[in-house]
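Okay, data-v4.tsv is below, TSV, C-alpha atoms:
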```
chain	number	residue	atom	x	y	z
A	1	MET	CA	112.69	63.58	120.19
A	2	LYS	CA	115.42	63.48	117.58
A	3	LYS	CA	115.84	60.42	115.45
A	4	TYR	CA	118.72	59.53	113.20
A	5	ILE	CA	119.01	57.34	110.14
A	6	VAL	CA	122.15	55.26	110.38
A	7	LEU	CA	123.53	53.99	107.10
A	8	LEU	CA	126.50	51.68	106.77
A	9	ILE	CA	128.38	51.90	103.49
A	10	ILE	CA	131.54	50.00	102.62
A	11	SER	CA	133.47	52.40	100.43
A	12	SER	CA	136.17	55.00	100.68
A	13	LEU	CA	134.06	58.15	100.59
A	14	PHE	CA	134.58	61.17	102.79
A	15	LEU	CA	137.86	60.04	104.29
A	16	GLY	CA	140.33	62.47	105.64
A	17	LYS	CA	139.65	64.25	108.89
A	18	THR	CA	140.97	62.90	112.15
A	19	PHE	CA	138.76	62.61	115.18
A	20	ALA	CA	138.91	63.66	118.79
A	21	GLN	CA	138.58	60.74	121.19
A	22	ASN	CA	137.17	60.53	124.67
A	23	THR	CA	139.44	59.08	127.32
A	24	GLY	CA	139.10	55.34	127.89
A	25	TYR	CA	137.87	52.44	125.83
A	26	MET	CA	134.10	52.42	125.37
A	27	GLY	CA	133.64	54.26	128.64
A	28	LYS	CA	135.92	52.02	130.69
A	29	HIS	CA	139.24	53.11	132.21
A	30	PHE	CA	140.84	50.44	134.42
A	31	PHE	CA	142.74	47.24	133.63
A	32	LEU	CA	143.82	44.42	135.90
A	33	ASN	CA	146.97	43.01	134.30
A	34	ALA	CA	148.96	39.82	134.80
A	35	GLU	CA	152.31	40.17	133.05
A	36	ALA	CA	155.63	38.36	132.97
A	37	ASN	CA	158.99	39.36	131.53
A	38	PHE	CA	161.13	36.56	130.14
A	39	SER	CA	164.75	36.50	129.10
A	40	PRO	CA	167.06	33.69	127.99
A	41	ALA	CA	169.17	32.06	130.74
A	42	TYR	CA	172.21	31.39	128.60
A	43	PHE	CA	175.01	31.84	131.14
A	44	ASN	CA	173.49	31.71	134.63
A	45	PRO	CA	171.30	29.15	136.39
A	46	ASN	CA	167.67	30.22	136.46
A	47	SER	CA	164.83	29.63	138.93
A	48	TYR	CA	164.99	25.87	138.37
A	49	GLY	CA	168.79	25.76	138.15
A	50	LYS	CA	169.16	25.36	134.38
A	51	SER	CA	171.09	27.36	131.80
A	52	LEU	CA	172.34	26.95	128.25
A	53	SER	CA	176.00	27.00	129.29
A	54	GLY	CA	175.49	24.73	132.31
A	55	ASN	CA	172.95	22.19	131.06
A	56	LEU	CA	172.82	22.83	127.31
A	57	ASP	CA	169.22	23.83	127.94
A	58	TYR	CA	168.40	26.20	125.08
A	59	SER	CA	164.91	26.77	126.43
A	60	ALA	CA	166.06	27.90	129.90
A	61	PHE	CA	164.58	31.26	130.79
A	62	ASN	CA	164.49	33.88	133.52
A	63	PHE	CA	161.21	35.45	134.52
A	64	ILE	CA	159.99	38.45	136.46
A	65	LEU	CA	156.28	38.36	137.32
A	66	SER	CA	154.58	41.74	137.50
A	67	PRO	CA	150.81	41.95	137.97
A	68	SER	CA	149.49	45.51	137.94
A	69	VAL	CA	146.56	47.88	137.92
A	70	GLU	CA	146.47	50.30	134.97
A	71	ALA	CA	144.36	53.38	134.34
A	72	ILE	CA	143.76	55.20	131.08
A	73	VAL	CA	144.44	58.83	131.98
A	74	TRP	CA	144.25	60.52	128.60
A	75	LYS	CA	143.65	59.58	125.01
A	76	LYS	CA	147.30	58.56	124.37
A	77	GLY	CA	148.51	57.44	127.79
A	78	THR	CA	148.01	55.16	130.76
A	79	VAL	CA	149.63	54.93	134.20
A	80	GLY	CA	149.91	51.94	136.46
A	81	VAL	CA	151.28	50.46	139.64
A	82	GLY	CA	152.09	46.84	140.37
A	83	TYR	CA	153.97	44.12	142.18
A	84	ASN	CA	157.25	42.38	141.17
A	85	PHE	CA	158.44	38.88	141.89
A	86	PHE	CA	161.73	37.34	140.83
A	87	THR	CA	163.61	34.26	141.92
A	88	SER	CA	166.71	32.47	140.68
A	89	TYR	CA	169.73	30.48	141.69
A	90	TYR	CA	173.12	32.10	141.29
A	91	ILE	CA	176.75	31.23	141.86
A	92	ALA	CA	179.19	33.28	143.92
A	93	ASP	CA	182.94	33.04	143.46
A	94	TYR	CA	185.19	32.96	146.51
A	95	GLN	CA	188.92	32.56	146.82
A	96	ILE	CA	189.48	31.50	150.44
A	97	LEU	CA	192.91	31.33	152.06
A	98	ILE	CA	193.28	27.89	153.72
A	99	ASP	CA	197.05	27.77	154.20
A	100	ASP	CA	199.31	30.65	155.22
A	101	GLU	CA	202.40	29.25	153.46
A	102	PRO	CA	204.26	32.26	152.01
A	103	ASP	CA	204.71	32.72	148.27
A	104	GLU	CA	208.15	32.03	146.82
A	105	GLY	CA	209.25	35.21	145.09
A	106	ASN	CA	206.94	35.86	142.20
A	107	ILE	CA	205.53	32.34	142.34
A	108	ILE	CA	202.13	32.29	144.03
A	109	ASN	CA	201.31	29.03	145.72
A	110	LEU	CA	197.77	28.42	144.45
A	111	TYR	CA	197.32	25.39	146.70
A	112	LYS	CA	196.96	27.66	149.68
A	113	TYR	CA	193.64	28.94	148.23
A	114	LEU	CA	190.37	27.14	148.01
A	115	PHE	CA	188.37	28.30	144.99
A	116	TYR	CA	184.82	27.88	146.14
A	117	GLU	CA	181.73	28.57	144.01
A	118	PRO	CA	178.69	28.02	146.22
A	119	VAL	CA	175.13	28.21	144.94
A	120	TYR	CA	172.73	30.78	146.39
A	121	ARG	CA	169.10	31.52	145.80
A	122	ILE	CA	167.70	35.02	145.47
A	123	LYS	CA	164.01	35.81	146.05
A	124	SER	CA	162.79	39.30	145.29
A	125	HIS	CA	159.50	40.97	146.03
A	126	GLY	CA	158.96	44.53	144.94
A	127	CYS	CA	156.82	47.08	143.22
A	128	HIS	CA	156.78	49.17	140.07
A	129	VAL	CA	155.15	52.24	138.60
A	130	PHE	CA	154.86	52.93	134.91
A	131	TYR	CA	153.66	55.33	132.26
A	132	LYS	CA	152.63	54.02	128.86
A	133	GLN	CA	152.53	56.27	125.80
A	134	TYR	CA	150.66	54.95	122.76
A	135	VAL	CA	152.30	55.84	119.48
A	136	GLY	CA	151.05	56.14	115.92
A	137	ASP	CA	147.46	56.72	114.87
A	138	THR	CA	145.77	54.75	117.62
A	139	TYR	CA	144.70	55.65	121.12
A	140	ALA	CA	144.97	54.07	124.57
A	141	PRO	CA	144.63	51.17	125.13
A	142	LEU	CA	145.17	49.93	121.57
A	143	GLY	CA	148.18	49.42	119.36
A	144	HIS	CA	151.86	50.20	119.67
A	145	TYR	CA	153.23	51.80	122.81
A	146	LEU	CA	156.35	52.89	124.69
A	147	LYS	CA	156.33	52.07	128.37
A	148	PHE	CA	158.61	53.63	130.99
A	149	THR	CA	158.90	51.65	134.22
A	150	PHE	CA	160.58	52.26	137.57
A	151	ASP	CA	161.08	49.06	139.56
A	152	ALA	CA	162.04	48.34	143.13
A	153	PHE	CA	163.22	44.92	144.30
A	154	PHE	CA	163.61	43.86	147.93
A	155	ASN	CA	165.79	40.77	147.91
A	156	LYS	CA	166.58	37.86	150.17
A	157	HIS	CA	169.75	35.87	149.49
A	158	VAL	CA	169.97	32.35	150.91
A	159	PHE	CA	172.98	30.03	150.90
A	160	ASN	CA	171.85	26.94	149.00
A	161	ASP	CA	174.87	24.64	148.98
A	162	VAL	CA	176.86	22.23	151.16
A	163	LEU	CA	179.91	23.68	152.84
A	164	PRO	CA	183.06	21.55	152.16
A	165	ASP	CA	184.65	19.78	155.11
A	166	THR	CA	187.81	21.85	154.66
A	167	LEU	CA	185.91	25.07	155.33
A	168	ILE	CA	183.93	23.56	158.21
A	169	THR	CA	187.23	22.50	159.84
A	170	LEU	CA	188.56	26.02	159.42
A	171	GLY	CA	185.50	27.44	161.20
A	172	TYR	CA	183.66	28.88	158.20
A	173	ALA	CA	180.39	27.25	159.26
A	174	ASP	CA	179.59	30.40	161.22
A	175	ASP	CA	180.56	32.74	158.39
A	176	GLN	CA	177.62	34.93	157.44
A	177	ARG	CA	178.23	34.20	153.76
A	178	PHE	CA	177.53	30.50	154.31
A	179	SER	CA	174.78	30.86	156.88
A	180	GLN	CA	171.20	29.71	156.35
A	181	THR	CA	170.05	33.08	157.65
A	182	PRO	CA	168.93	35.14	154.63
A	183	GLN	CA	170.79	38.31	153.80
A	184	LYS	CA	168.78	41.25	152.56
A	185	SER	CA	169.39	43.83	149.86
A	186	MET	CA	167.50	46.34	147.79
A	187	LEU	CA	167.79	47.23	144.11
A	188	PHE	CA	166.06	49.77	141.89
A	189	GLY	CA	165.74	49.68	138.14
A	190	PHE	CA	164.45	51.54	135.11
A	191	LYS	CA	163.46	50.13	131.75
A	192	VAL	CA	161.89	51.21	128.48
A	193	GLU	CA	159.58	48.83	126.68
A	194	TYR	CA	158.21	48.82	123.16
A	195	GLY	CA	155.12	46.71	122.68
A	196	TYR	CA	151.70	46.11	121.25
A	197	ASP	CA	148.31	45.87	122.98
A	198	PHE	CA	145.59	43.80	121.39
A	199	LEU	CA	141.99	43.90	122.63
A	200	LEU	CA	139.62	40.94	122.26
A	201	PHE	CA	135.88	40.94	122.95
A	202	ASN	CA	136.13	44.60	124.04
A	203	ARG	CA	137.37	43.30	127.40
A	204	LEU	CA	140.42	41.06	127.20
A	205	LYS	CA	143.80	42.67	126.54
A	206	LEU	CA	146.72	40.65	125.18
A	207	SER	CA	150.07	42.36	125.29
A	208	THR	CA	153.56	41.62	124.02
A	209	GLY	CA	156.66	43.77	124.35
A	210	ILE	CA	160.42	43.93	124.31
A	211	SER	CA	162.33	45.93	126.91
A	212	LEU	CA	165.79	47.24	127.69
A	213	GLY	CA	166.85	48.71	131.00
A	214	THR	CA	169.23	48.61	133.90
A	215	THR	CA	169.25	48.26	137.63
A	216	PHE	CA	171.03	50.95	139.66
A	217	GLY	CA	173.56	48.50	141.06
A	218	GLY	CA	174.61	44.93	140.43
A	219	TYR	CA	177.73	45.84	138.47
A	220	LYS	CA	180.21	45.28	141.31
A	221	ALA	CA	180.57	41.50	140.89
A	222	LYS	CA	180.88	41.84	137.12
A	223	LEU	CA	183.45	44.60	137.50
A	224	ASN	CA	185.36	42.44	139.98
A	225	ASP	CA	185.53	39.55	137.51
A	226	TRP	CA	186.67	41.91	134.79
A	227	LEU	CA	189.47	43.41	136.93
A	228	ASP	CA	190.55	39.91	138.03
A	229	SER	CA	190.97	38.93	134.41
A	230	TYR	CA	193.49	41.77	134.09
A	231	GLY	CA	195.55	40.36	136.98
A	232	ASN	CA	194.46	42.85	139.60
A	233	ASP	CA	195.07	40.96	142.86
A	234	ASP	CA	194.12	43.82	145.15
A	235	ILE	CA	190.40	43.34	144.68
A	236	GLU	CA	188.82	41.88	147.79
A	237	SER	CA	186.34	39.05	147.63
A	238	ILE	CA	182.89	40.52	147.27
A	239	GLU	CA	179.84	39.37	149.15
A	240	SER	CA	177.19	36.95	147.92
A	241	VAL	CA	174.66	39.80	147.95
A	242	GLU	CA	176.54	41.49	145.13
A	243	TYR	CA	176.51	38.34	143.04
A	244	GLY	CA	172.76	38.16	143.67
A	245	LYS	CA	172.27	41.74	142.49
A	246	THR	CA	174.27	40.94	139.39
A	247	ARG	CA	172.01	37.96	138.80
A	248	LEU	CA	168.96	40.21	139.02
A	249	LEU	CA	170.55	42.73	136.65
A	250	ASN	CA	171.25	39.88	134.27
A	251	ALA	CA	167.56	38.91	134.19
A	252	TYR	CA	166.34	42.52	134.13
A	253	TRP	CA	168.29	44.38	131.45
A	254	PHE	CA	166.57	42.61	128.56
A	255	GLY	CA	163.03	41.28	128.63
A	256	LEU	CA	160.33	39.86	126.43
A	257	LYS	CA	156.94	40.57	127.93
A	258	ILE	CA	153.75	38.58	127.63
A	259	GLY	CA	150.69	39.92	129.40
A	260	ILE	CA	146.98	39.52	129.74
A	261	GLY	CA	144.61	42.11	131.13
A	262	ILE	CA	140.92	42.53	131.92
A	263	LEU	CA	139.18	45.84	131.25
A	264	THR	CA	137.05	46.42	134.32
A	265	ILE	CA	135.34	49.76	134.94
B	1	MET	CA	119.22	57.87	121.03
B	2	PRO	CA	116.47	56.44	118.77
B	3	ALA	CA	117.61	55.54	115.27
B	4	LEU	CA	116.69	53.54	112.18
B	5	LEU	CA	119.59	51.30	111.20
B	6	TYR	CA	120.20	50.49	107.54
B	7	SER	CA	123.00	47.94	107.26
B	8	ALA	CA	123.79	45.33	104.61
B	9	GLU	CA	122.14	42.69	106.80
B	10	ASN	CA	119.03	44.76	107.53
B	11	ILE	CA	118.38	45.49	103.89
B	12	LYS	CA	117.94	41.78	103.16
B	13	GLN	CA	114.99	41.72	105.59
B	14	PHE	CA	113.17	44.75	104.12
B	15	ASN	CA	109.65	44.68	102.70
B	16	THR	CA	108.73	46.73	99.64
B	17	GLU	CA	107.72	49.83	101.59
B	18	GLN	CA	110.93	49.83	103.62
B	19	TYR	CA	113.03	49.25	100.52
B	20	ASN	CA	111.38	52.16	98.69
B	21	GLN	CA	112.18	54.37	101.66
B	22	TYR	CA	115.78	53.14	101.61
B	23	ALA	CA	115.99	53.82	97.85
B	24	LYS	CA	114.87	57.41	98.39
B	25	ILE	CA	117.58	57.88	101.00
B	26	GLN	CA	120.19	56.33	98.71
B	27	SER	CA	119.18	58.68	95.89
B	28	TRP	CA	119.45	61.66	98.20
B	29	ILE	CA	122.91	60.53	99.36
B	30	GLN	CA	124.12	60.08	95.77
B	31	GLU	CA	122.98	63.59	94.96
B	32	PHE	CA	124.49	64.96	98.15
B	33	ILE	CA	127.85	63.40	97.30
B	34	SER	CA	127.70	64.60	93.70
B	35	ALA	CA	126.92	68.14	94.84
B	36	GLU	CA	130.00	68.08	97.14
B	37	ASP	CA	130.09	71.37	99.05
B	38	VAL	CA	127.91	73.40	96.69
B	39	GLU	CA	124.97	74.90	98.55
B	40	MET	CA	121.73	74.10	96.72
B	41	ILE	CA	118.26	72.70	97.11
B	42	HIS	CA	118.66	69.07	96.14
B	43	TYR	CA	116.51	67.56	93.43
B	44	GLN	CA	115.73	64.67	95.77
B	45	SER	CA	114.60	66.96	98.58
B	46	THR	CA	110.95	66.22	97.99
B	47	ASN	CA	111.58	62.51	98.45
B	48	MET	CA	113.50	63.20	101.61
B	49	GLN	CA	110.65	65.30	102.99
B	50	ASP	CA	108.57	62.13	102.66
B	51	VAL	CA	111.19	60.13	104.52
B	52	VAL	CA	111.37	62.71	107.28
B	53	ARG	CA	107.61	62.65	107.62
B	54	GLU	CA	107.43	58.83	107.60
B	55	THR	CA	110.32	58.17	109.94
B	56	GLY	CA	110.51	61.24	112.15
B	57	CYS	CA	114.27	61.37	111.54
B	58	ASP	CA	115.99	64.71	111.06
B	59	ALA	CA	119.53	63.58	110.28
B	60	ILE	CA	121.40	60.91	108.37
B	61	ASN	CA	124.41	59.25	109.95
B	62	LEU	CA	126.77	57.75	107.37
B	63	ILE	CA	129.41	55.35	108.66
B	64	VAL	CA	131.91	54.84	105.87
B	65	THR	CA	134.59	52.19	106.27
B	66	ARG	CA	137.35	50.65	104.19
B	67	LYS	CA	139.46	47.67	105.20
B	68	SER	CA	142.41	46.30	103.22
B	69	ARG	CA	145.01	43.63	104.00
B	70	ASP	CA	148.44	44.87	104.99
B	71	LYS	CA	151.46	43.16	103.45
B	72	PHE	CA	152.15	39.82	105.15
B	73	ILE	CA	155.83	40.39	105.89
B	74	ASN	CA	156.44	43.56	107.87
B	75	SER	CA	158.67	44.86	110.63
B	76	GLY	CA	156.31	43.72	113.40
B	77	LYS	CA	156.42	40.13	112.22
B	78	VAL	CA	160.18	40.13	111.75
B	79	LEU	CA	160.61	41.31	115.36
B	80	SER	CA	158.22	38.63	116.63
B	81	LEU	CA	160.14	35.99	114.69
B	82	LEU	CA	163.44	37.08	116.25
B	83	GLU	CA	161.90	36.98	119.72
B	84	ALA	CA	160.50	33.49	119.07
B	85	VAL	CA	163.93	32.16	118.07
B	86	PHE	CA	165.78	34.00	120.81
B	87	CYS	CA	163.68	32.86	123.77
B	88	PRO	CA	161.66	29.65	123.23
B	89	ILE	CA	159.31	30.26	126.16
B	90	VAL	CA	157.63	33.08	124.21
B	91	THR	CA	157.55	31.20	120.89
B	92	PRO	CA	153.84	30.16	120.96
B	93	VAL	CA	152.70	33.73	121.57
B	94	MET	CA	155.01	35.13	118.90
B	95	ILE	CA	153.84	32.57	116.35
B	96	ALA	CA	150.26	33.61	117.09
B	97	ARG	CA	151.25	37.24	116.50
B	98	ILE	CA	152.92	36.34	113.22
B	99	ALA	CA	149.86	34.37	112.08
B	100	LEU	CA	147.34	37.12	112.81
B	101	PRO	CA	146.37	39.01	109.66
B	102	ARG	CA	147.00	42.75	109.68
B	103	TYR	CA	144.73	45.31	108.10
B	104	ASP	CA	144.72	48.94	107.12
B	105	ILE	CA	141.43	50.50	108.10
B	106	LYS	CA	139.90	53.87	107.36
B	107	ALA	CA	136.54	55.03	108.59
B	108	ASN	CA	134.50	58.18	108.62
B	109	PHE	CA	131.54	59.11	110.75
B	110	ILE	CA	129.33	61.72	109.09
B	111	VAL	CA	126.13	63.29	110.33
B	112	ILE	CA	124.06	65.30	107.80
B	113	ASP	CA	121.07	67.50	108.52
B	114	ILE	CA	118.46	66.12	106.09
B	115	GLU	CA	116.45	69.28	105.55
B	116	LYS	CA	119.34	71.72	105.20
B	117	GLY	CA	121.67	69.23	103.57
B	118	GLU	CA	124.58	70.44	105.69
B	119	VAL	CA	127.25	68.25	107.31
B	120	LYS	CA	126.99	68.60	111.08
B	121	LEU	CA	129.82	66.21	111.96
B	122	ASN	CA	132.59	64.55	109.92
B	123	ARG	CA	135.34	62.72	111.79
B	124	GLY	CA	137.71	60.01	110.56
B	125	ILE	CA	140.16	57.38	111.73
B	126	GLU	CA	143.09	55.71	109.98
B	127	ALA	CA	144.91	52.79	111.60
B	128	GLU	CA	146.74	49.59	110.82
B	129	GLY	CA	147.18	46.35	112.73
B	130	SER	CA	145.50	43.15	113.80
B	131	ASN	CA	143.24	45.03	116.14
B	132	TYR	CA	140.92	46.66	113.64
B	133	GLU	CA	137.63	45.59	115.28
B	134	ALA	CA	138.63	47.21	118.57
B	135	TYR	CA	139.71	50.38	116.72
B	136	MET	CA	136.32	50.58	115.00
B	137	ASN	CA	134.35	49.86	118.19
B	138	SER	CA	136.27	52.53	120.05
B	139	PHE	CA	135.83	55.05	117.24
B	140	LEU	CA	132.07	54.52	116.90
B	141	TYR	CA	131.55	54.53	120.66
B	142	ASN	CA	133.35	57.83	120.98
B	143	MET	CA	131.43	59.39	118.12
B	144	TYR	CA	128.06	58.45	119.59
B	145	ALA	CA	129.24	59.62	123.02
B	146	LYS	CA	130.18	62.94	121.43
B	147	MET	CA	126.79	63.27	119.73
B	148	LYS	CA	125.00	62.42	122.97
B	149	ASN	CA	127.03	65.02	124.88
B	150	GLU	CA	126.34	67.70	122.29
B	151	LYS	CA	122.63	66.96	121.98
```

Using structure tokens, write down the structure from this file.
Amino acid sequence: MKKYIVLLIISSLFLGKTFAQNTGYMGKHFFLNAEANFSPAYFNPNSYGKSLSGNLDYSAFNFILSPSVEAIVWKKGTVGVGYNFFTSYYIADYQILIDDEPDEGNIINLYKYLFYEPVYRIKSHGCHVFYKQYVGDTYAPLGHYLKFTFDAFFNKHVFNDVLPDTLITLGYADDQRFSQTPQKSMLFGFKVEYGYDFLLFNRLKLSTGISLGTTFGGYKAKLNDWLDSYGNDDIESIESVEYGKTRLLNAYWFGLKIGIGILTI
Amino acid sequence: MPALLYSAENIKQFNTEQYNQYAKIQSWIQEFISAEDVEMIHYQSTNMQDVVRETGCDAINLIVTRKSRDKFINSGKVLSLLEAVFCPIVTPVMIARIALPRYDIKANFIVIDIEKGEVKLNRGIEAEGSNYEAYMNSFLYNMYAKMKNEK
């Protein structure tokens, strides 16, 4: 039987050649991850209704929870699949005609409109798939990485406000926009993340990252506001669902990730 | 894989006989390094024949490492600082990242046939970051896995 003498020397001898690595970390390949993406809620109410602009709450944040299962598939890359959860309040912006008094020439009688900004709540469940490419000298699952993620969100939008008496009198209580019945929508997204994975005790992964991305939708409400500001009166009121998608886009496009993972088998 | 391990900690526990054996190995290694790649019968070969006979080992595995502190302020820490200021919810984690020391590490894993004096395996790693222990563990694990597979 062969025997080897193992000698540990602290010096800088014999350095130079790179090495070929087996896939995985010490024979293990699968992580269970619990991750969350945070972003500042500066302009829109978040999951507990706070924002910097509304409540001067500098610490207000949005979050998207995304637990996942991740597998090391080659020496520089991992793939994974996971679940998404997002919730937040948001404000829609309606201009409702309450009086049919005609305008006088170029003078628009603003009193015939009710400017109503009801609060809604969006709750999203979804899923994501990702590929993570480790960069630099190190190998999966250690060090700096670029992560490419496709997300899907299945949303429910619920009216979360009190309808004014004026609108109740005019019969808006049955309007779908102000109903307690949730409206549904779907939104997909893609983001790129740059981050760092740190492994403790050969088992516990701590991860931080910063991401940029976009949803494929959610621009309609923003575009509507922008066109309104240029005096375009032909734009119709858009539905609360679109404001909700915009709210999700707002929380999604930029993210700071904190994650923890357990190396399993 | 059976092995005799000579580390800085082990050497402190040696008796005279074990230390003499270790000294013979050290002398052989010094000569091996001095000779570089020149093929020759080493002057210390006789001593090594004794070691081979006493231990039953037929190869020496040198694990050579170097660790040095990276500069304290670097791009990674600047990014973490910006994130901490920008979004207070992540501040504690980012402060922890900033506080963690970063190291440059280099390591080589060398296996030498004692009798022939030839290098059978020489692989290295270079990396930087706070994660140096995990890098080293992964590197050594993979090298031993490779040796086991090739045995």

(request) Find the residues of chain B in contact range of chain A, meaning any atom within 8 Å when counting all atoms listed in the file, and list them as a ChimeraX atom specification. (result) /B:1-8,56-66,83,86-90,93,106-108,122-127,129-131,134-135,137-139,141-143

(message) Could you tell me how far CA of Ala35 in chain B sits from CA of Ile112 in chain B, in Å to one decimal place?
(response)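 A separation of 13.6 Å between them.
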
(request) Write out as an NGL selection string which residues come within 12 Å of range 90-92 of chain A when counting only C-alpha atoms, dropping same-chain ones fewer than 4 positions away. (result) :A and (41 or 43-51 or 54 or 62 or 115-123 or 157-161 or 177-178 or 221-222 or 224-225 or 237-251)

(message) Could you check the closest approach to Ala34 in chain A for each of A:Gly82, A:Gly77, A:Pro182, A:Gly213 and tell me which residue wins, using only C-alpha atoms?
(response)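 The shortest atom-to-atom distance to Ala34 in chain A comes from A:Gly82.
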
(request) Compile the contact shell of range 187-193 of chain A as a list in words: residues with an atom at most 7 Å away, counting only C-alpha atoms, same-chain residues fewer than 5 positions apart removed. (result)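 Result of the neighbour search: Leu146, Lys147, Phe148, Thr149, Phe150, Asp151, Ala152, Phe153, Phe154, Gly209, Ile210, Ser211, Leu212, Gly213, Thr214, Thr215, Phe216 and Gly217 of chain A.
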
(request) State, in Å with one decimal place, the distance from CA of Phe86 in chain A to CA of Cys127 in chain A. (result) 11.2 Å

(request) Considering only C-alpha atoms, return as a list in words whatever protein or nucleic-acid residues lie within 7 Å of range 14-24 of chain B, sequence-local ones (same chain, fewer than 4 positions apart) excluded. (result) Asn10, Trp28, Asn47, Met48 and Val51 of chain B

Please list as a PDB file with C-alpha atoms, in the coordinates of the input every residue within 12 Å of Ala71 in chain A, counting only C-alpha atoms and excluding residues in the same chain fewer than 6 positions away.
```pdb
ATOM      1  CA  THR A  23     139.440  59.080 127.320  1.00  0.00           C
ATOM      2  CA  GLY A  24     139.100  55.340 127.890  1.00  0.00           C
ATOM      3  CA  TYR A  25     137.870  52.440 125.830  1.00  0.00           C
ATOM      4  CA  LYS A  28     135.920  52.020 130.690  1.00  0.00           C
ATOM      5  CA  HIS A  29     139.240  53.110 132.210  1.00  0.00           C
ATOM      6  CA  PHE A  30     140.840  50.440 134.420  1.00  0.00           C
ATOM      7  CA  PHE A  31     142.740  47.240 133.630  1.00  0.00           C
ATOM      8  CA  LEU A  32     143.820  44.420 135.900  1.00  0.00           C
ATOM      9  CA  ASN A  33     146.970  43.010 134.300  1.00  0.00           C
ATOM     10  CA  GLY A  77     148.510  57.440 127.790  1.00  0.00           C
ATOM     11  CA  THR A  78     148.010  55.160 130.760  1.00  0.00           C
ATOM     12  CA  VAL A  79     149.630  54.930 134.200  1.00  0.00           C
ATOM     13  CA  GLY A  80     149.910  51.940 136.460  1.00  0.00           C
ATOM     14  CA  VAL A  81     151.280  50.460 139.640  1.00  0.00           C
ATOM     15  CA  GLY A  82     152.090  46.840 140.370  1.00  0.00           C
ATOM     16  CA  VAL A 129     155.150  52.240 138.600  1.00  0.00           C
ATOM     17  CA  PHE A 130     154.860  52.930 134.910  1.00  0.00           C
ATOM     18  CA  TYR A 131     153.660  55.330 132.260  1.00  0.00           C
ATOM     19  CA  LYS A 132     152.630  54.020 128.860  1.00  0.00           C
ATOM     20  CA  ALA A 140     144.970  54.070 124.570  1.00  0.00           C
ATOM     21  CA  PRO A 141     144.630  51.170 125.130  1.00  0.00           C
ATOM     22  CA  GLY A 261     144.610  42.110 131.130  1.00  0.00           C
ATOM     23  CA  ILE A 262     140.920  42.530 131.920  1.00  0.00           C
ATOM     24  CA  LEU A 263     139.180  45.840 131.250  1.00  0.00           C
ATOM     25  CA  THR A 264     137.050  46.420 134.320  1.00  0.00           C
ATOM     26  CA  ILE A 265     135.340  49.760 134.940  1.00  0.00           C
TER      27      ILE A 265
END
```
